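Source file: protein_30.txt (compact mmCIF, C-alpha atoms and all ligand atoms)
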# COMPACT_ATOMS: atom_id res chain seq x y z
CA MET H 388 277.40 262.54 79.45
CA THR H 389 274.44 261.78 81.75
CA VAL H 390 272.39 258.68 82.49
CA ASP H 391 269.49 260.33 80.62
CA GLU H 392 271.40 259.67 77.40
CA LEU H 393 271.24 255.90 77.95
CA PRO H 394 270.84 253.62 76.13
CA LEU H 395 273.76 254.72 73.95
CA ARG H 396 274.30 253.50 70.43
CA PHE H 397 277.17 251.02 70.11
CA PRO H 398 279.87 250.89 68.72
CA PHE H 399 280.83 254.41 69.80
CA SER H 400 283.46 255.18 67.16
CA GLN H 401 285.43 253.70 64.25
CA ARG H 402 288.49 255.80 65.16
CA GLY H 403 291.48 253.76 66.22
CA ASP H 404 293.61 256.62 67.55
CA GLU H 405 291.76 257.29 70.81
CA VAL H 406 289.73 255.30 73.31
CA PRO H 407 286.10 256.47 73.04
CA ALA H 408 285.26 258.70 76.04
CA GLU H 409 282.11 256.61 76.60
CA CYS H 410 284.25 253.64 77.75
CA ASP H 411 285.66 255.46 80.79
CA TRP H 412 282.37 257.09 81.63
CA LEU H 413 280.43 253.85 81.51
CA ARG H 414 283.04 251.87 83.45
CA THR H 415 282.81 254.43 86.26
CA ASN H 416 279.05 255.00 86.17
CA ARG H 417 277.45 251.93 84.55
CA PRO H 418 279.92 249.02 84.07
CA VAL H 419 276.96 246.99 82.76
CA ALA H 420 275.01 249.41 80.55
CA ARG H 421 272.09 249.15 78.17
CA VAL H 422 273.13 249.96 74.57
CA VAL H 423 271.49 249.77 71.15
CA THR H 424 273.46 247.75 68.59
CA LEU H 425 273.96 248.42 64.86
CA ALA H 426 271.14 245.93 64.23
CA GLY H 427 268.83 248.12 66.36
CA ASP H 428 268.58 245.53 69.15
CA GLU H 429 269.24 246.15 72.84
CA ALA H 430 272.23 244.62 74.61
CA TRP H 431 274.25 244.89 77.83
CA LEU H 432 277.69 246.43 77.26
CA VAL H 433 280.30 245.45 79.85
CA THR H 434 283.33 247.78 80.26
CA SER H 435 285.23 246.84 83.45
CA HIS H 436 288.06 244.30 83.40
CA GLU H 437 286.57 242.23 86.21
CA LEU H 438 283.13 241.90 84.64
CA CYS H 439 284.45 241.36 81.09
CA ASP H 440 286.59 238.54 82.44
CA GLN H 441 283.54 237.10 84.26
CA VAL H 442 281.47 237.05 81.06
CA LEU H 443 284.24 235.39 79.02
CA THR H 444 284.85 232.65 81.58
CA ASP H 445 281.25 231.92 82.68
CA THR H 446 279.90 229.25 80.31
CA ARG H 447 276.32 230.46 80.84
CA PHE H 448 277.31 233.24 78.41
CA SER H 449 277.35 231.44 75.07
CA LEU H 450 279.00 232.51 71.81
CA HIS H 451 277.36 229.64 69.90
CA ALA H 452 273.84 230.82 70.88
CA THR H 453 274.41 234.30 69.38
CA ALA H 454 273.78 232.64 65.98
CA ASP H 455 270.34 231.27 67.02
CA ASP H 456 267.25 232.51 65.20
CA GLY H 457 265.28 235.26 66.87
CA VAL H 458 267.91 236.36 69.40
CA PRO H 459 269.07 240.01 69.65
CA GLN H 460 271.77 240.74 67.08
CA GLN H 461 274.93 242.82 67.22
CA TYR H 462 275.05 243.58 63.47
CA ALA H 463 274.08 242.13 60.09
CA ARG H 464 276.56 239.26 59.75
CA ALA H 465 278.41 238.92 56.43
CA PHE H 466 279.67 235.38 57.14
CA PRO H 467 277.62 232.17 57.48
CA PRO H 468 276.05 231.65 60.96
CA ASP H 469 278.01 228.39 61.26
CA ALA H 470 281.28 230.32 61.30
CA VAL H 471 280.44 231.67 64.76
CA SER H 472 281.36 228.23 66.14
CA ASN H 473 284.35 227.66 63.89
CA MET H 474 286.66 226.08 66.48
CA ALA H 475 283.84 223.88 67.82
CA ASN H 476 283.09 222.73 64.26
CA ILE H 477 286.78 222.00 63.67
CA THR H 478 286.90 219.96 66.88
CA SER H 479 283.73 217.98 66.17
CA ALA H 480 284.98 217.15 62.68
CA GLY H 481 288.13 215.63 64.25
CA LEU H 482 290.41 218.25 62.69
CA ARG H 483 291.55 220.09 65.82
CA SER H 484 295.03 218.61 66.18
CA GLU H 485 295.83 219.15 62.47
CA VAL H 486 294.62 222.78 62.68
CA MET H 487 296.47 223.44 65.94
CA LYS H 488 299.69 222.11 64.36
CA SER H 489 299.40 224.88 61.76
CA LEU H 490 298.71 227.55 64.34
CA SER H 491 301.64 226.55 66.58
CA PRO H 492 304.90 227.83 65.11
CA ARG H 493 307.18 226.62 67.90
CA GLY H 494 310.36 225.16 66.38
CA ASN H 495 309.19 225.98 62.86
CA ASP H 496 312.35 227.73 61.65
CA GLN H 497 311.09 227.70 58.08
CA LEU H 498 308.10 229.85 59.04
CA THR H 499 310.31 232.27 60.99
CA ARG H 500 312.61 232.65 57.97
CA PHE H 501 309.60 233.08 55.69
CA LEU H 502 308.29 235.93 57.83
CA GLN H 503 311.71 237.59 58.10
CA THR H 504 312.29 237.42 54.35
CA THR H 505 308.80 238.62 53.47
CA ALA H 506 308.92 241.51 55.96
CA GLY H 507 312.36 242.54 54.68
CA GLU H 508 311.28 242.44 51.03
CA LEU H 509 308.13 244.47 51.68
CA LEU H 510 310.09 247.15 53.53
CA ASP H 511 312.88 247.27 50.92
CA LYS H 512 310.21 247.94 48.31
CA ALA H 513 308.53 250.62 50.44
CA VAL H 514 311.90 252.33 51.06
CA ALA H 515 312.78 252.21 47.35
CA GLU H 516 309.50 253.96 46.54
CA GLY H 517 310.41 256.81 48.91
CA SER H 518 309.00 258.56 51.94
CA PRO H 519 306.26 258.77 53.13
CA ALA H 520 305.26 255.14 52.82
CA ASP H 521 301.80 253.73 53.39
CA LEU H 522 302.69 251.03 55.91
CA TRP H 523 299.12 249.71 55.82
CA SER H 524 298.88 248.71 52.16
CA ASP H 525 302.64 248.23 51.70
CA TYR H 526 303.38 246.32 54.91
CA ALA H 527 300.82 245.42 57.62
CA SER H 528 298.22 244.12 55.16
CA PRO H 529 300.43 242.08 52.74
CA LEU H 530 302.64 240.67 55.54
CA SER H 531 299.47 239.30 57.13
CA THR H 532 297.85 237.90 53.97
CA ARG H 533 301.14 236.22 53.05
CA LEU H 534 301.48 234.58 56.45
CA MET H 535 297.93 233.20 56.13
CA VAL H 536 298.64 232.02 52.56
CA GLU H 537 301.69 230.17 53.88
CA ILE H 538 299.84 228.67 56.85
CA LEU H 539 296.94 227.48 54.70
CA GLY H 540 299.13 226.24 51.83
CA LEU H 541 297.55 228.42 49.15
CA SER H 542 299.88 228.90 46.22
CA ASP H 543 299.78 231.82 43.78
CA ALA H 544 297.23 233.59 45.94
CA ASP H 545 296.39 237.20 45.24
CA ASP H 546 297.01 239.33 48.39
CA ALA H 547 294.61 242.10 47.44
CA ARG H 548 291.79 239.69 46.60
CA LEU H 549 292.16 237.77 49.87
CA ALA H 550 292.25 241.01 51.86
CA ARG H 551 289.16 242.32 50.04
CA CYS H 552 287.14 239.11 50.57
CA SER H 553 288.17 239.02 54.24
CA ASP H 554 287.17 242.67 54.68
CA VAL H 555 283.73 241.98 53.19
CA ALA H 556 283.25 238.99 55.52
CA MET H 557 284.07 241.30 58.46
CA GLY H 558 281.48 243.86 57.34
CA THR H 559 278.73 244.82 59.77
CA SER H 560 276.07 246.35 57.55
CA ALA H 561 277.32 247.44 54.15
CA TYR H 562 276.44 244.27 52.20
CA THR H 563 273.22 242.55 51.22
CA PRO H 564 272.85 238.84 52.15
CA ASP H 565 273.42 237.99 48.44
CA GLU H 566 276.63 240.01 48.26
CA ALA H 567 277.86 238.42 51.49
CA ALA H 568 277.06 234.90 50.18
CA ARG H 569 278.80 235.58 46.84
CA ASN H 570 281.85 236.84 48.69
CA TRP H 571 282.01 233.69 50.85
CA ASP H 572 281.70 231.54 47.70
CA GLU H 573 284.59 233.45 46.14
CA LEU H 574 286.73 232.81 49.21
CA ARG H 575 285.71 229.14 49.21
CA ALA H 576 286.77 228.82 45.57
CA VAL H 577 290.24 230.14 46.47
CA MET H 578 290.49 227.60 49.32
CA ALA H 579 289.38 224.77 46.98
CA THR H 580 292.45 225.37 44.78
CA ALA H 581 294.65 224.14 47.66
CA LEU H 582 292.62 221.02 48.50
CA ARG H 583 294.95 218.63 46.68
CA PRO H 584 296.09 215.80 48.99
CA ASP H 585 299.69 216.16 50.17
CA ARG H 586 300.65 214.41 53.40
CA THR H 587 303.97 216.19 53.77
CA ALA H 588 302.87 219.70 52.84
CA ALA H 589 303.69 222.55 55.22
CA GLY H 590 300.33 224.21 54.54
CA LEU H 591 297.10 223.12 56.22
CA LEU H 592 294.67 222.65 53.30
CA PRO H 593 296.68 220.02 51.36
CA ARG H 594 297.12 218.11 54.65
CA LEU H 595 293.37 218.29 55.32
CA ALA H 596 292.70 217.00 51.80
CA ALA H 597 295.00 214.03 52.52
CA LEU H 598 293.23 213.41 55.81
CA ARG H 599 289.90 213.34 54.01
CA GLU H 600 291.28 210.70 51.65
CA ASP H 601 292.70 208.64 54.54
CA ARG H 602 289.49 208.77 56.61
CA PRO H 603 286.55 208.22 54.21
CA GLN H 604 284.48 206.94 57.17
CA ASP H 605 284.43 210.50 58.62
CA GLY H 606 282.44 211.81 55.63
CA LEU H 607 284.38 215.08 55.47
CA THR H 608 283.14 217.23 52.60
CA GLU H 609 285.03 219.64 50.39
CA ALA H 610 282.73 222.49 51.49
CA GLN H 611 283.52 221.73 55.13
CA LEU H 612 287.28 221.87 54.54
CA CYS H 613 286.95 225.03 52.45
CA ASP H 614 285.05 226.64 55.33
CA VAL H 615 287.87 225.78 57.73
CA GLY H 616 290.20 227.66 55.36
CA CYS H 617 287.81 230.62 54.95
CA ASN H 618 287.28 230.99 58.70
CA LEU H 619 290.98 230.89 59.49
CA MET H 620 291.78 233.24 56.60
CA VAL H 621 289.26 235.86 57.72
CA ALA H 622 289.94 235.62 61.49
CA GLY H 623 293.69 235.39 60.93
CA TYR H 624 294.23 238.05 58.28
CA GLU H 625 291.95 240.67 59.83
CA SER H 626 293.32 240.22 63.34
CA LEU H 627 296.99 240.13 62.35
CA ALA H 628 296.84 243.06 59.94
CA ALA H 629 294.68 245.24 62.20
CA PHE H 630 296.94 244.66 65.20
CA LEU H 631 300.16 245.32 63.26
CA GLY H 632 298.69 248.52 61.78
CA HIS H 633 297.68 249.77 65.24
CA ALA H 634 301.03 248.78 66.75
CA ILE H 635 302.91 250.71 64.03
CA MET H 636 300.72 253.75 64.66
CA LEU H 637 301.28 253.56 68.43
CA LEU H 638 305.06 253.35 68.00
CA ALA H 639 305.21 256.03 65.29
CA ARG H 640 303.37 258.38 67.66
CA ASP H 641 305.67 257.65 70.58
CA PRO H 642 309.32 258.38 69.68
CA GLU H 643 310.48 257.82 73.27
CA ALA H 644 309.07 254.29 73.49
CA THR H 645 310.35 253.51 69.98
CA ALA H 646 313.87 254.73 70.81
CA ARG H 647 313.87 252.55 73.95
CA LEU H 648 312.79 249.53 71.99
CA ARG H 649 315.53 250.12 69.42
CA GLU H 650 318.15 250.41 72.20
CA THR H 651 316.87 247.41 74.14
CA PRO H 652 315.53 244.75 71.74
CA ALA H 653 315.14 242.35 74.69
CA LEU H 654 312.13 244.46 75.70
CA MET H 655 310.26 243.33 72.58
CA PRO H 656 308.13 240.51 74.10
CA GLN H 657 306.98 242.79 76.94
CA ALA H 658 306.43 245.68 74.51
CA ILE H 659 304.26 243.45 72.33
CA GLU H 660 302.03 242.56 75.30
CA GLU H 661 301.67 246.28 76.06
CA LEU H 662 300.84 246.99 72.40
CA TYR H 663 298.23 244.21 72.52
CA ARG H 664 296.71 245.89 75.59
CA ARG H 665 296.84 249.45 74.31
CA ASN H 666 295.71 248.97 70.68
CA LEU H 667 292.09 249.39 69.59
CA SER H 668 292.02 246.97 66.65
CA ILE H 669 289.28 244.71 68.03
CA GLY H 670 286.75 247.45 67.33
CA ASP H 671 283.35 245.94 67.99
CA ALA H 672 282.77 244.00 71.23
CA LEU H 673 282.84 240.19 71.75
CA PRO H 674 279.22 238.96 71.79
CA ARG H 675 277.65 236.40 74.13
CA LEU H 676 274.07 235.31 74.74
CA ALA H 677 272.98 234.73 78.37
CA THR H 678 271.54 231.20 78.54
CA ALA H 679 270.33 231.70 82.16
CA ASP H 680 269.62 234.63 84.47
CA VAL H 681 273.07 235.73 85.68
CA GLN H 682 274.08 238.36 88.25
CA LEU H 683 276.71 240.62 86.69
CA GLY H 684 277.89 243.26 89.17
CA ASP H 685 274.74 245.14 90.25
CA THR H 686 272.77 243.95 87.22
CA LEU H 687 270.67 240.82 86.86
CA VAL H 688 271.10 239.85 83.22
CA ALA H 689 268.05 237.93 82.02
CA ALA H 690 268.35 234.71 80.02
CA GLY H 691 268.14 235.51 76.29
CA SER H 692 269.95 238.87 76.60
CA LEU H 693 272.81 239.81 74.32
CA VAL H 694 275.93 240.74 76.32
CA LEU H 695 278.83 242.61 74.68
CA VAL H 696 282.33 242.38 76.12
CA CYS H 697 284.09 245.67 75.46
CA VAL H 698 287.74 244.61 75.28
CA GLU H 699 289.09 248.17 75.01
CA GLY H 700 287.11 249.07 78.15
CA ALA H 701 288.69 246.16 80.03
CA ASN H 702 292.17 246.87 78.64
CA HIS H 703 292.04 250.51 79.78
CA ASP H 704 290.56 249.85 83.23
CA PRO H 705 292.70 251.88 85.69
CA ALA H 706 291.88 249.41 88.48
CA VAL H 707 294.08 246.87 86.66
CA PHE H 708 296.28 249.08 84.45
CA PRO H 709 297.43 252.29 86.22
CA ASP H 710 298.00 255.20 83.81
CA ALA H 711 296.11 253.10 81.27
CA GLU H 712 296.40 255.47 78.28
CA ARG H 713 300.20 255.39 78.48
CA LEU H 714 302.18 252.92 76.37
CA ASP H 715 304.31 251.67 79.25
CA LEU H 716 306.99 249.27 78.07
CA ASP H 717 307.86 248.46 81.69
CA ARG H 718 304.36 247.30 82.60
CA ALA H 719 305.11 243.96 84.19
CA ALA H 720 301.70 242.37 84.86
CA ASN H 721 299.59 242.66 81.73
CA PRO H 722 296.40 240.57 81.92
CA HIS H 723 294.91 242.16 78.77
CA LEU H 724 291.89 240.55 77.14
CA THR H 725 293.00 241.12 73.56
CA PHE H 726 292.93 237.39 72.83
CA GLY H 727 289.64 236.94 74.68
CA GLY H 728 289.36 234.47 77.55
CA GLY H 729 287.67 231.25 78.64
CA ARG H 730 286.64 228.55 76.19
CA HIS H 731 286.96 230.75 73.07
CA TYR H 732 290.44 232.07 73.90
CA CYS H 733 292.23 232.66 70.60
CA PRO H 734 293.94 229.43 69.44
CA ALA H 735 296.58 231.34 67.46
CA THR H 736 298.37 233.39 70.13
CA SER H 737 301.88 231.98 69.49
CA LEU H 738 301.53 232.51 65.75
CA SER H 739 300.29 236.06 66.37
CA ARG H 740 303.17 236.84 68.73
CA LEU H 741 305.68 235.57 66.16
CA HIS H 742 304.10 237.73 63.44
CA ALA H 743 304.14 240.77 65.76
CA HIS H 744 307.74 240.17 66.84
CA ILE H 745 309.17 239.77 63.35
CA GLY H 746 306.90 242.46 61.89
CA LEU H 747 308.02 245.07 64.44
CA GLU H 748 311.65 243.97 64.76
CA THR H 749 312.16 244.17 60.98
CA LEU H 750 310.52 247.59 60.92
CA LEU H 751 312.78 248.97 63.65
CA THR H 752 315.90 247.47 62.08
CA ARG H 753 315.23 248.66 58.52
CA LEU H 754 313.69 252.08 59.15
CA PRO H 755 315.96 254.53 60.98
CA LYS H 756 313.07 256.96 61.33
CA LEU H 757 309.51 255.94 62.12
CA VAL H 758 307.16 258.87 62.58
CA MET H 759 303.64 259.52 61.38
CA ALA H 760 303.47 261.61 58.20
CA CYS H 761 300.21 263.14 59.45
CA PRO H 762 298.68 263.62 62.91
CA ALA H 763 297.07 260.34 64.02
CA ARG H 764 293.73 262.12 64.46
CA GLU H 765 293.67 262.69 60.67
CA LEU H 766 293.88 259.00 59.82
CA ILE H 767 290.85 257.60 58.01
CA TRP H 768 289.39 254.38 59.39
CA SER H 769 287.36 251.80 57.49
CA TRP H 770 283.65 252.14 58.05
CA GLY H 771 281.18 249.33 58.80
CA MET H 772 283.64 246.64 59.90
CA ILE H 773 283.94 244.47 62.99
CA LYS H 774 287.63 245.38 63.30
CA ARG H 775 289.11 248.87 63.21
CA LEU H 776 291.38 249.10 60.16
CA PRO H 777 293.13 252.24 58.91
CA LYS H 778 292.52 253.02 55.23
CA ALA H 779 296.18 254.11 55.05
CA LEU H 780 299.08 254.53 57.45
CA PRO H 781 301.36 257.26 56.06
CA VAL H 782 304.73 257.13 57.81
CA GLU H 783 307.98 259.07 57.28
CA LEU H 784 310.78 256.58 56.75
C1 LIG A 801 296.77 239.83 66.85
C2 LIG A 801 296.14 238.78 66.37
C3 LIG A 801 294.87 238.21 66.94
C4 LIG A 801 293.98 238.72 67.84
C5 LIG A 801 294.06 240.06 68.56
C6 LIG A 801 292.92 237.75 68.00
C7 LIG A 801 291.85 237.90 68.87
C8 LIG A 801 290.92 236.92 69.12
C9 LIG A 801 289.87 237.02 70.10
C10 LIG A 801 289.56 238.22 70.96
C11 LIG A 801 289.18 235.86 70.07
C12 LIG A 801 287.99 235.46 70.96
C13 LIG A 801 286.66 235.78 70.29
C14 LIG A 801 285.50 235.59 71.25
O1 LIG A 801 285.70 235.24 72.40
O2 LIG A 801 284.36 235.85 70.82
C15 LIG A 801 289.77 235.03 69.06
C16 LIG A 801 289.31 233.77 68.71
C17 LIG A 801 289.74 233.09 67.60
N1 LIG A 801 290.83 233.40 66.83
FE1 LIG A 801 292.11 234.96 67.11
N2 LIG A 801 293.16 236.68 67.18
C18 LIG A 801 294.34 236.93 66.52
C19 LIG A 801 294.92 236.10 65.58
C20 LIG A 801 294.35 234.97 65.06
C21 LIG A 801 294.89 234.18 63.98
C22 LIG A 801 296.20 234.48 63.26
C23 LIG A 801 294.01 233.16 63.75
C24 LIG A 801 294.04 232.05 62.73
C25 LIG A 801 295.03 231.81 61.94
C26 LIG A 801 292.94 233.29 64.72
C27 LIG A 801 291.85 232.43 64.81
C28 LIG A 801 290.92 232.48 65.81
C29 LIG A 801 289.85 231.51 65.95
C30 LIG A 801 289.60 230.30 65.04
C31 LIG A 801 289.11 231.89 67.07
C32 LIG A 801 287.87 231.20 67.64
C33 LIG A 801 288.21 230.39 68.84
C34 LIG A 801 286.99 229.70 69.46
O3 LIG A 801 285.86 230.09 69.21
O4 LIG A 801 287.21 228.74 70.21
N3 LIG A 801 293.17 234.39 65.49
N4 LIG A 801 290.84 235.68 68.50
Give the structure from this file in structure tokens form.
Ligand code: HEM
Amino acid sequence: MTVDELPLRFPFSQRGDEVPAECDWLRTNRPVARVVTLAGDEAWLVTSHELCDQVLTDTRFSLHATADDGVPQQYARAFPPDAVSNMANITSAGLRSEVMKSLSPRGNDQLTRFLQTTAGELLDKAVAEGSPADLWSDYASPLSTRLMVEILGLSDADDARLARCSDVAMGTSAYTPDEAARNWDELRAVMATALRPDRTAAGLLPRLAALREDRPQDGLTEAQLCDVGCNLMVAGYESLAAFLGHAIMLLARDPEATARLRETPALMPQAIEELYRRNLSIGDALPRLATADVQLGDTLVAAGSLVLVCVEGANHDPAVFPDAERLDLDRAANPHLTFGGGRHYCPATSLSRLHAHIGLETLLTRLPKLVMACPARELIWSWGMIKRLPKALPVEL
């Protein structure tokens, strides 16, 4: 690659089995590089750990402003512009503590048991159907929808429908604005079914409905509460399922690391951090809009520019992670940016770590063999989505 080829088109690849070569090249040669987005607009792509961290923590780079009219766009959004500021909206509506209660599983033994039982049942079914199993549609995807159904308090929800609606909302270009709006309405209608006031419910939506009844002065609307559910469903399901799928692929490709993890289960928390670092599920970059002229490394980024934080670039930066392509279960310091950083740092990290721990522990306990049924380079990845999701994950049991 040469500088004459700049600006490059971004994203570089939908493949989740290898870090795009452009990431290393840019980090070395142009850690702040001009790229053209899927929407055809120009942006600055940032690939080093240090500069990605700077963008995420410097409040002059705004996530909220990426939804303003007339600013450069990353892709055609298939969710309402308001959803960009979902946590800020939750906070300004006075719902933050109720939402955070749902996203914080500490001491919630019932949720732990729910995840263990669900993971066990899904794997028993996959084993009964015989090898190879598709651990995407039989495991990573339904375990993640069911956790979100439980968290939100949706009863009788249809896993496949929720996954499909979430996938559409995460689309980058495949849907017309009408199709995207219809999809969001469908998801809202599912959320509305759970908005029946229940002050003691474990799930979030019935508790929010009760709160609405108790605080009429706040003027909370049904649409607003449905949107809280939709946003959490989409962000939660897509992130959990994509990560678990990638983590399974990384372990199934690395028998040595998997054997070590089976022998030493106490390594699991550290292994999960390394899987968070090494996986490529985030796919597209985290967008910010510069609200002032800001010096970023050697580049002066002008106010109004779109800046894209390339998490996989940061997470594979050899200056911070020696031998970065290796899944190193002994890596002690692991300041990966998989949950973002700064004011938009993911609010659901404990819930995600619990899901990862139980999801992987159950897999290693129930499946004596865990190897890919095809070379990872032959996996097919979903096209036109913010996240990188495998279409299938065939694994020998
Ligand atoms: C492995 C699982 C997960 C990963 C890798 C992940 C990753 C991320 C990242 C990178 C961000 C920052 C986005 C940005 O800065 O632009 C974020 C924010 C967010 N995540 Fe997660 N997430 C995960 C699970 C979840 C779950 C389970 C939920 C909800 C149930 C969730 C809800 C959110 C919300 C609401 C935000 C926005 C925070 C804000 O703007 O203040 N995430 N997540």
Inset, instruction - Within 9 Å of region 619-623 of chain H, counting only C-alpha atoms, which residues show up once you throw out same-chain ones fewer than 5 positions away? Write them as number ranges by chain, please. - result: H: 473, 531-532, 535-536, 539, 549-550, 552-554, 556-557, 574, 614, 628, 735, 739
How big is the axis-aligned box around all listed atoms of ligand LIG 801 (chain A) once 3 Å goes on each side, and where's its centre, in Å to one decimal, as JSON?
{"center_x": 290.6, "center_y": 234.4, "center_z": 67.2, "size_x": 18.4, "size_y": 17.3, "size_z": 16.5}
Inset, instruction - Using atom C30 of ligand LIG 801 (chain A) and CA of Pro734 (chain H) as the two end points, give the distance in Å to one decimal. - result: 6.2 Å
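Comparing the minimum interatomic distances between ligand LIG 801 (chain A) and each of H:Met636, H:Val555, H:Leu490, H:Val406, counting all atoms listed in the file, we find that H:Leu490 sits nearest.
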Inset, instruction - Take CA of Ser491 (chain H) and atom C6 of ligand LIG 801 (chain A) and report the distance between them in Å, one decimal. - result: 14.3 Å
Would you mind putting N, CA and C atoms back on region 528-542 of chain H and writing the result as a CSV table (one decimal), in the frame of the given file?
chain,number,residue,atom,x,y,z
H,528,SER,N,299.2,245.0,55.8
H,528,SER,CA,298.2,244.1,55.2
H,528,SER,C,298.9,243.0,54.4
H,529,PRO,N,299.9,243.2,53.5
H,529,PRO,CA,300.4,242.1,52.7
H,529,PRO,C,301.2,241.1,53.6
H,530,LEU,N,301.9,241.6,54.7
H,530,LEU,CA,302.6,240.7,55.5
H,530,LEU,C,301.7,239.7,56.2
H,531,SER,N,300.5,240.2,56.5
H,531,SER,CA,299.5,239.3,57.1
H,531,SER,C,298.8,238.4,56.1
H,532,THR,N,298.4,238.8,54.9
H,532,THR,CA,297.8,237.9,54.0
H,532,THR,C,298.9,236.8,53.6
H,533,ARG,N,300.2,237.2,53.5
H,533,ARG,CA,301.1,236.2,53.0
H,533,ARG,C,301.4,235.2,54.1
H,534,LEU,N,301.3,235.6,55.4
H,534,LEU,CA,301.5,234.6,56.4
H,534,LEU,C,300.3,233.6,56.4
H,535,MET,N,299.1,234.1,56.2
H,535,MET,CA,297.9,233.2,56.1
H,535,MET,C,298.0,232.3,54.9
H,536,VAL,N,298.5,232.8,53.8
H,536,VAL,CA,298.6,232.0,52.6
H,536,VAL,C,299.6,230.9,52.8
H,537,GLU,N,300.7,231.2,53.5
H,537,GLU,CA,301.7,230.2,53.9
H,537,GLU,C,301.1,229.1,54.8
H,538,ILE,N,300.4,229.6,55.9
H,538,ILE,CA,299.8,228.7,56.8
H,538,ILE,C,298.8,227.7,56.2
H,539,LEU,N,298.0,228.3,55.3
H,539,LEU,CA,296.9,227.5,54.7
H,539,LEU,C,297.4,226.6,53.5
H,540,GLY,N,298.6,227.0,53.0
H,540,GLY,CA,299.1,226.2,51.8
H,540,GLY,C,298.5,226.6,50.5
H,541,LEU,N,298.1,227.9,50.4
H,541,LEU,CA,297.6,228.4,49.2
H,541,LEU,C,298.7,228.9,48.3
H,542,SER,N,298.8,228.4,47.0
H,542,SER,CA,299.9,228.9,46.2
H,542,SER,C,299.3,229.9,45.2
